Amino acid sequence: MTPSSTAFETPAMPTDSGQFALRNVSIAIGVDRFFGTLTIEPGTVRFVPGGVGNRLTPADAPTLTQTAVSVVLIRGRLLPPWMNSGPVLVDPAQPHGWTGVVLLASWQRRRIVTALAAAGFQPRVVTTLASAGGQVGSTDELARLLRDRA
């Protein structure tokens, strides 16, 4: 992390249970954006909504839970560093096969990949030219992106 990036740093919270969490992150689900905490623990990646920013969206903020071992992180090469990475959460309980894409900064990506691997997941970083995952709104779009990158 560079000294100039500390103003943008989201605090990570390691816990006694081996859990890793980032507070104050935003996630795109469908056409809505919500705010909350991203938690990584053995067998589970979870987004839990929280904060007053969620009152601005008419939809109810959902909790997303991914248990599938493979986790895709999208990195946009030409995007500003404070918003160029996005882990894609796939929760089978979401309607219409929607996915959630957490918007993160480049300096958070390595910590997320490390935390995912430590929790037993298989992180895969997919590089795009100018997207941090906003175009991946469903499991079908995620499959198409991965097929195009294979």
# chains A, B, ... in the order shown; residues from 1 in each chain; ligands from 1
>>> residues_around(residues="Gly137 (chain A)", least_positions_apart="6", cutoff="6 Å", atoms="only C-alpha atoms", output="short mmCIF file (atom, residue, chain, number, x, y, z; two decimals) with C-alpha atoms, in the first residue's frame")
data_model
loop_
_atom_site.label_atom_id
_atom_site.label_comp_id
_atom_site.auth_asym_id
_atom_site.auth_seq_id
_atom_site.Cartn_x
_atom_site.Cartn_y
_atom_site.Cartn_z
CA GLY A 30 -29.01 -6.32 -10.53
CA TRP A 98 -28.52 -12.49 -10.07
CA THR A 99 -24.98 -12.10 -8.85
#
>>> residues_around(residues="Pro49 (chain A)", least_positions_apart="6", cutoff="12 Å", atoms="only C-alpha atoms", output="list in words")
Leu22, Arg23, Asn24, Val25, Ser26, Ile27, Ala28, Ile29, Arg33, Phe34, Phe35, Gly36, Thr37, Leu38, Thr39, Arg55, Asp60, Ala61, Pro62, Thr63, Leu64, Thr65, Gly100 and Val102 of chain A
>>> select_by_dssp(residues="chain A", states="helix (DSSP H, G or I)", output="PyMOL selection string")
chain A and resi 3-8+52-56+81-83+95-97+106-118+139-149
>>> atom_distance(atom1="CA of Val31 (chain A)", atom2="CA of Pro87 (chain A)")
16.7 Å
>>> closest_residue(among="A:Phe47, A:Leu78, A:Ala117, A:Glu141", to="Leu103 (chain A)", atoms="only C-alpha atoms")
A:Phe47
>>> select_by_dssp(residues="chain A", states="strand (DSSP E)", output="ChimeraX atom specification")
/A:20-29,32-41,44-49,64-66,70-76,85-90,99-103,122-128
>>> closest_atom_pairs(of="region 14-91 of chain A", to="region 121-129 of chain A", cutoff="9 Å", atoms="only C-alpha atoms", output="tab-separated table")
residue	atom	partner	partner_atom	distance
A:Pro42	CA	A:Phe121	CA	8.1
A:Gly43	CA	A:Phe121	CA	7.3
A:Thr44	CA	A:Phe121	CA	8.7
A:Thr67	CA	A:Phe121	CA	8.8
A:Ala68	CA	A:Phe121	CA	7.9
A:Val69	CA	A:Phe121	CA	4.7
A:Ser70	CA	A:Gln122	CA	4.8
A:Val71	CA	A:Pro123	CA	4.8
A:Val72	CA	A:Arg124	CA	4.9
A:Leu73	CA	A:Val125	CA	4.7
A:Ile74	CA	A:Val126	CA	4.9
A:Arg75	CA	A:Thr127	CA	4.8
A:Gly76	CA	A:Thr128	CA	5.0
A:Arg77	CA	A:Leu129	CA	5.1
A:Leu78	CA	A:Leu129	CA	5.9
A:Leu79	CA	A:Leu129	CA	8.1
A:Pro87	CA	A:Val125	CA	8.6
>>> write_last_selection(atoms="C-alpha atoms", output="PDB file, in the first residue's frame")
ATOM      1  CA  PRO A  42     -13.949 -21.091   5.920  1.00  0.00           C
ATOM      2  CA  GLY A  43     -16.605 -22.283   3.463  1.00  0.00           C
ATOM      3  CA  THR A  44     -18.509 -18.975   3.208  1.00  0.00           C
ATOM      4  CA  THR A  67     -20.426 -21.395  -0.652  1.00  0.00           C
ATOM      5  CA  ALA A  68     -19.211 -22.553  -4.090  1.00  0.00           C
ATOM      6  CA  VAL A  69     -15.451 -23.094  -3.987  1.00  0.00           C
ATOM      7  CA  SER A  70     -14.605 -21.084  -7.118  1.00  0.00           C
ATOM      8  CA  VAL A  71     -14.715 -17.296  -6.642  1.00  0.00           C
ATOM      9  CA  VAL A  72     -14.164 -14.966  -9.605  1.00  0.00           C
ATOM     10  CA  LEU A  73     -12.552 -11.547  -9.091  1.00  0.00           C
ATOM     11  CA  ILE A  74     -12.747  -9.139 -12.015  1.00  0.00           C
ATOM     12  CA  ARG A  75      -9.989  -6.581 -12.562  1.00  0.00           C
ATOM     13  CA  GLY A  76     -10.422  -3.663 -14.961  1.00  0.00           C
ATOM     14  CA  ARG A  77      -7.018  -2.644 -16.337  1.00  0.00           C
ATOM     15  CA  LEU A  78      -7.989   0.856 -17.480  1.00  0.00           C
ATOM     16  CA  LEU A  79     -10.113   1.806 -14.473  1.00  0.00           C
ATOM     17  CA  PRO A  87     -15.287 -10.211  -6.533  1.00  0.00           C
TER      18      PRO A  87
END
